[in-house]
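Data from target_36.cif: mmCIF, C-alpha atoms and all ligand atoms
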```cif
data_structure
loop_
_atom_site.label_atom_id
_atom_site.label_comp_id
_atom_site.auth_asym_id
_atom_site.auth_seq_id
_atom_site.Cartn_x
_atom_site.Cartn_y
_atom_site.Cartn_z
CA MET A 10 -115.80 127.17 106.82
CA PRO A 11 -113.67 124.06 107.10
CA PHE A 12 -110.31 125.84 107.13
CA ASP A 13 -108.94 128.67 109.17
CA ASN A 14 -107.48 130.65 106.32
CA ARG A 15 -110.02 132.13 103.99
CA ILE A 16 -109.91 134.29 100.88
CA LYS A 17 -113.25 135.85 100.14
CA VAL A 18 -113.69 137.41 96.72
CA ARG A 19 -115.62 140.62 97.06
CA ALA A 20 -117.88 141.67 94.19
CA ASN A 21 -116.36 144.61 92.26
CA GLY A 22 -113.65 144.82 94.89
CA PRO A 23 -110.70 143.23 96.67
CA LEU A 24 -109.71 139.90 98.13
CA LEU A 25 -110.59 139.72 101.82
CA CYS A 26 -108.01 137.43 103.45
CA THR A 27 -108.60 136.22 106.98
CA GLY A 28 -106.77 133.76 109.21
CA ASP A 29 -103.04 133.53 109.79
CA ILE A 30 -102.01 135.76 106.89
CA GLU A 31 -98.51 136.78 105.86
CA VAL A 32 -97.90 138.99 102.83
CA PHE A 33 -94.50 139.15 101.16
CA GLY A 34 -93.21 141.63 98.59
CA PRO A 35 -91.47 140.75 95.32
CA ASP A 36 -88.11 140.58 97.05
CA GLY A 37 -89.42 138.28 99.78
CA GLN A 38 -89.70 141.01 102.39
CA LEU A 39 -92.52 140.64 104.90
CA LEU A 40 -95.02 143.42 104.21
CA GLU A 41 -97.81 142.43 106.58
CA GLU A 42 -98.63 139.81 109.16
CA ALA A 43 -102.20 139.96 110.36
CA ASP A 44 -105.44 138.08 110.75
CA ASP A 45 -107.22 140.32 108.30
CA VAL A 46 -105.67 141.66 105.08
CA VAL A 47 -107.41 143.29 102.11
CA LEU A 48 -105.59 142.78 98.81
CA CYS A 49 -106.13 144.62 95.54
CA ARG A 50 -107.33 142.60 92.58
CA CYS A 51 -108.37 145.45 90.28
CA GLY A 52 -104.82 146.58 89.43
CA HIS A 53 -105.47 150.24 90.30
CA SER A 54 -104.48 150.59 93.96
CA GLY A 55 -101.91 153.23 94.77
CA ASN A 56 -100.78 151.05 97.65
CA LYS A 57 -100.30 147.65 95.98
CA PRO A 58 -100.65 144.89 96.94
CA PHE A 59 -103.19 146.31 99.36
CA CYS A 60 -106.56 147.73 98.40
CA ASP A 61 -106.92 151.49 98.83
CA GLY A 62 -110.47 151.75 97.51
CA SER A 63 -109.39 152.74 93.97
CA HIS A 64 -111.51 149.91 92.52
CA ARG A 65 -114.56 152.17 92.88
CA GLU A 66 -113.11 155.06 90.89
CA ALA A 67 -111.66 152.63 88.35
CA GLY A 68 -115.09 151.08 87.82
CA PHE A 69 -113.79 147.58 88.41
CA VAL A 70 -116.51 145.05 87.68
CA HIS A 71 -116.58 141.39 88.63
CA ASN A 72 -119.38 139.53 90.35
CA GLY A 73 -116.96 137.89 92.79
CA LEU A 74 -118.08 134.40 91.86
CA PRO A 75 -115.18 132.10 90.96
CA GLY A 76 -115.50 130.12 87.76
CA SER A 77 -114.52 126.48 87.49
CA VAL A 78 -111.81 125.57 89.96
CA THR A 79 -110.38 122.37 91.32
CA SER A 80 -109.88 121.71 95.02
CA ASP A 81 -106.87 120.19 96.75
CA GLU A 82 -107.11 117.64 99.55
CA LEU A 83 -105.88 119.41 102.65
CA GLU A 84 -104.22 117.45 105.42
CA THR A 85 -104.36 120.22 107.98
CA ALA A 86 -106.28 123.38 108.59
CA GLY A 87 -103.41 124.89 110.53
CA GLY A 88 -100.45 127.01 109.56
CA PRO A 89 -100.06 130.37 107.92
CA LEU A 90 -101.25 131.38 104.51
CA GLN A 91 -98.28 133.01 102.83
CA ILE A 92 -99.17 135.34 99.99
CA SER A 93 -96.33 136.55 97.80
CA VAL A 94 -96.38 139.36 95.27
CA ARG A 95 -94.84 138.52 91.90
CA GLU A 96 -93.49 141.68 90.26
CA ASN A 97 -95.73 142.84 87.40
CA ALA A 98 -97.73 139.64 87.80
CA MET A 99 -99.94 137.67 90.14
CA LEU A 100 -100.22 136.87 93.84
CA VAL A 101 -99.10 133.39 94.84
CA ALA A 102 -100.83 132.06 97.96
CA LYS A 103 -99.34 129.02 99.70
CA GLY A 104 -100.85 127.25 102.68
CA PRO A 105 -104.18 125.69 103.54
CA MET A 106 -107.03 127.94 102.46
CA SER A 107 -110.61 128.06 101.45
CA ILE A 108 -111.67 130.34 98.60
CA VAL A 109 -115.12 131.77 99.00
CA GLY A 110 -117.26 133.59 96.49
CA ALA A 111 -118.98 136.90 97.08
CA ASP A 112 -122.20 135.04 97.81
CA GLY A 113 -120.51 133.15 100.66
CA SER A 114 -120.36 129.82 98.84
CA LEU A 115 -117.23 127.71 99.17
CA ALA A 116 -115.55 127.62 95.75
CA ALA A 117 -112.49 125.54 96.59
CA THR A 118 -110.00 124.39 99.16
CA ARG A 119 -106.39 124.77 98.05
CA ASN A 120 -102.81 124.43 99.18
CA LYS A 121 -101.62 126.86 96.53
CA ALA A 122 -103.30 129.39 94.29
CA ALA A 123 -102.20 131.98 91.75
CA LEU A 124 -104.51 134.94 92.10
CA CYS A 125 -105.09 137.77 89.64
CA ARG A 126 -104.14 141.26 90.78
CA CYS A 127 -104.10 143.04 87.41
CA GLY A 128 -107.90 142.92 87.07
CA HIS A 129 -107.85 141.38 83.59
CA SER A 130 -107.98 137.62 84.09
CA ALA A 131 -110.86 135.88 82.37
CA ASN A 132 -110.83 133.34 85.20
CA LYS A 133 -111.01 135.61 88.24
CA PRO A 134 -110.02 135.37 91.00
CA PHE A 135 -107.32 133.18 89.47
CA CYS A 136 -104.50 134.33 87.24
CA ASP A 137 -104.70 133.32 83.57
CA GLY A 138 -101.56 135.15 82.42
CA SER A 139 -103.42 138.27 81.24
CA HIS A 140 -101.02 140.53 83.16
CA LYS A 141 -98.48 139.95 80.37
CA LYS A 142 -100.91 140.92 77.61
CA VAL A 143 -101.98 144.12 79.35
CA GLY A 144 -98.46 145.09 80.44
CA PHE A 145 -99.40 145.21 84.12
CA LYS A 146 -96.91 147.07 86.31
CA GLY A 147 -96.85 146.78 90.03
S1 LIG A 201 -109.39 146.07 94.58
FE1 LIG A 201 -109.46 147.84 95.82
S2 LIG A 201 -107.95 149.16 94.95
FE2 LIG A 201 -107.88 147.38 93.68
#
```

Let me see the file written as structure tokens.
Ligand code: FES
Amino acid sequence: MPFDNRIKVRANGPLLCTGDIEVFGPDGQLLEEADDVVLCRCGHSGNKPFCDGSHREAGFVHNGLPGSVTSDELETAGGPLQISVRENAMLVAKGPMSIVGADGSLAATRNKAALCRCGHSANKPFCDGSHKKVGFKG
């Protein structure tokens, strides 16, 4: 992979984030700083924004293959990937990253991405605003 920070979309499961990862809560508080973080994208975790395995019981289904997505030109591979939780909405990831499908193919390189965590986007793993329609809480 060309960049250090990577978000791999797992089929029927979470976002596997590796690299220099920082996760912030809705109030900006640092929740996690690690080189390996697993984030819920099904909307059912009891430990949001982290995956607790509830996607299996919830029967979450998505092949983990991103649809059409544009890439950003990245000037550097270095620096942290900061992922912030938006209350009752998406995850906002900022920093150099590659987004990889469940089959291992590189879908995009980005400096910023809004990622679905309600499980209802029609453009997974990206947010399409569906959290509002479904009244997502979390
Ligand atoms: S993706 Fe695992 S609990 Fe939601």

Distance filter 9 Å around ligand LIG 201 (chain A), atoms: all atoms listed in the file, out as a PyMOL selection string:
chain A and resi 19+21-24+47-67+69+126-128

For the selection you just gave me, I'd like the residues written to a file as a JSON list (two decimals), in the coordinates of the input, keeping C-alpha atoms.
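For reference, again-v8.json as written:
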```json
[["chain", "number", "residue", "atom", "x", "y", "z"],
["A", 19, "ARG", "CA", -115.62, 140.62, 97.06],
["A", 21, "ASN", "CA", -116.36, 144.61, 92.26],
["A", 22, "GLY", "CA", -113.65, 144.82, 94.89],
["A", 23, "PRO", "CA", -110.70, 143.23, 96.67],
["A", 24, "LEU", "CA", -109.71, 139.90, 98.13],
["A", 47, "VAL", "CA", -107.41, 143.29, 102.11],
["A", 48, "LEU", "CA", -105.59, 142.78, 98.81],
["A", 49, "CYS", "CA", -106.13, 144.62, 95.54],
["A", 50, "ARG", "CA", -107.33, 142.60, 92.58],
["A", 51, "CYS", "CA", -108.37, 145.45, 90.28],
["A", 52, "GLY", "CA", -104.82, 146.58, 89.43],
["A", 53, "HIS", "CA", -105.47, 150.24, 90.30],
["A", 54, "SER", "CA", -104.48, 150.59, 93.96],
["A", 55, "GLY", "CA", -101.91, 153.23, 94.77],
["A", 56, "ASN", "CA", -100.78, 151.05, 97.65],
["A", 57, "LYS", "CA", -100.30, 147.65, 95.98],
["A", 58, "PRO", "CA", -100.65, 144.89, 96.94],
["A", 59, "PHE", "CA", -103.19, 146.31, 99.36],
["A", 60, "CYS", "CA", -106.56, 147.73, 98.40],
["A", 61, "ASP", "CA", -106.92, 151.49, 98.83],
["A", 62, "GLY", "CA", -110.47, 151.75, 97.51],
["A", 63, "SER", "CA", -109.39, 152.74, 93.97],
["A", 64, "HIS", "CA", -111.51, 149.91, 92.52],
["A", 65, "ARG", "CA", -114.56, 152.17, 92.88],
["A", 66, "GLU", "CA", -113.11, 155.06, 90.89],
["A", 67, "ALA", "CA", -111.66, 152.63, 88.35],
["A", 69, "PHE", "CA", -113.79, 147.58, 88.41],
["A", 126, "ARG", "CA", -104.14, 141.26, 90.78],
["A", 127, "CYS", "CA", -104.10, 143.04, 87.41],
["A", 128, "GLY", "CA", -107.90, 142.92, 87.07]]
```

Just give me the gap between CA of Asp137 in chain A and CA of Ala102 in chain A in Å, one decimal is fine.
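Computing the Euclidean distance for CA of Asp137 in chain A and CA of Ala102 in chain A yields 15.0 Å.
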
Rounded to one decimal place, report the CA of Met99 in chain A-CA of Asn72 in chain A distance in Å.
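Computed distance, CA of Met99 in chain A to CA of Asn72 in chain A, equals 19.5 Å.
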
Can you tell me how far CA of Ser107 in chain A sits from CA of Lys142 in chain A, in Å to one decimal?
28.8 Å

Around the point (-98.0, 136.0, 107.4) in the file's coordinates, collect all residues with an atom within 9 Å, using only C-alpha atoms, and return them as a short mmCIF file (atom, residue, chain, number, x, y, z; two decimals) with C-alpha atoms, in the frame of the given file.
```cif
data_model
loop_
_atom_site.label_atom_id
_atom_site.label_comp_id
_atom_site.auth_asym_id
_atom_site.auth_seq_id
_atom_site.Cartn_x
_atom_site.Cartn_y
_atom_site.Cartn_z
CA ASP A 29 -103.04 133.53 109.79
CA ILE A 30 -102.01 135.76 106.89
CA GLU A 31 -98.51 136.78 105.86
CA VAL A 32 -97.90 138.99 102.83
CA PHE A 33 -94.50 139.15 101.16
CA LEU A 39 -92.52 140.64 104.90
CA LEU A 40 -95.02 143.42 104.21
CA GLU A 41 -97.81 142.43 106.58
CA GLU A 42 -98.63 139.81 109.16
CA ALA A 43 -102.20 139.96 110.36
CA ASP A 44 -105.44 138.08 110.75
CA PRO A 89 -100.06 130.37 107.92
CA LEU A 90 -101.25 131.38 104.51
CA GLN A 91 -98.28 133.01 102.83
CA ILE A 92 -99.17 135.34 99.99
#
```

Calculated over only C-alpha atoms, which of the candidates A:Leu25, A:Ile16, A:Leu74, A:Ala131 has the smallest distance to Lys103 in chain A?
A:Ile16

Extract, using all atoms listed in the file, all DNA, RNA and protein residues at most 6 Å from Leu100 in chain A, discarding same-chain residues fewer than 2 positions from it, and format them as a PyMOL selection string.
chain A and resi 93-95+123-124

Measuring between all atoms listed in the file, which one of A:Asp45, A:Gln38, A:Asn132, A:Asn97 shows the shortest distance to Phe145 in chain A?
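Looking only at the distances to Phe145 in chain A, the closest residue turns out to be A:Asn97.
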
Given only C-alpha atoms as the basis, pick out the residue of A:Gly147, A:His129, A:Met106, A:Leu115 nearest to Pro35 in chain A.
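Checking each candidate against Pro35 in chain A, we get A:Gly147 as the closest.
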
Quick one: everything within 8 Å of Gly73 in chain A, counting only C-alpha atoms, minus sequence neighbours fewer than 5 positions away in the same chain. Send it as a PDB file with C-alpha atoms, in the coordinates of the input.
```
ATOM      1  CA  VAL A  18    -113.690 137.410  96.720  1.00  0.00           C
ATOM      2  CA  ARG A  19    -115.620 140.620  97.060  1.00  0.00           C
ATOM      3  CA  ALA A  20    -117.880 141.670  94.190  1.00  0.00           C
ATOM      4  CA  ASN A  21    -116.360 144.610  92.260  1.00  0.00           C
ATOM      5  CA  GLY A  22    -113.650 144.820  94.890  1.00  0.00           C
ATOM      6  CA  GLY A 110    -117.260 133.590  96.490  1.00  0.00           C
ATOM      7  CA  ALA A 111    -118.980 136.900  97.080  1.00  0.00           C
ATOM      8  CA  ASP A 112    -122.200 135.040  97.810  1.00  0.00           C
ATOM      9  CA  LYS A 133    -111.010 135.610  88.240  1.00  0.00           C
ATOM     10  CA  PRO A 134    -110.020 135.370  91.000  1.00  0.00           C
TER      11      PRO A 134
END
```

For Gly28 in chain A, which residue among A:Pro75, A:Gly104, A:Phe135, A:Ala122 is the nearest when counting only C-alpha atoms?
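Of the candidates, the smallest distance to Gly28 in chain A is held by A:Gly104.
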
Nearest to Val78 in chain A by atom-to-atom distance, counting all atoms listed in the file, from A:Cys26, A:Val143, A:Val109, A:Val46:
A:Val109

Taking into account only C-alpha atoms, which residue in the set A:Asn120, A:Val101, A:Ser139, A:Glu96 is nearest to Ser80 in chain A?
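Result for the nearest residue to Ser80 in chain A: A:Asn120.
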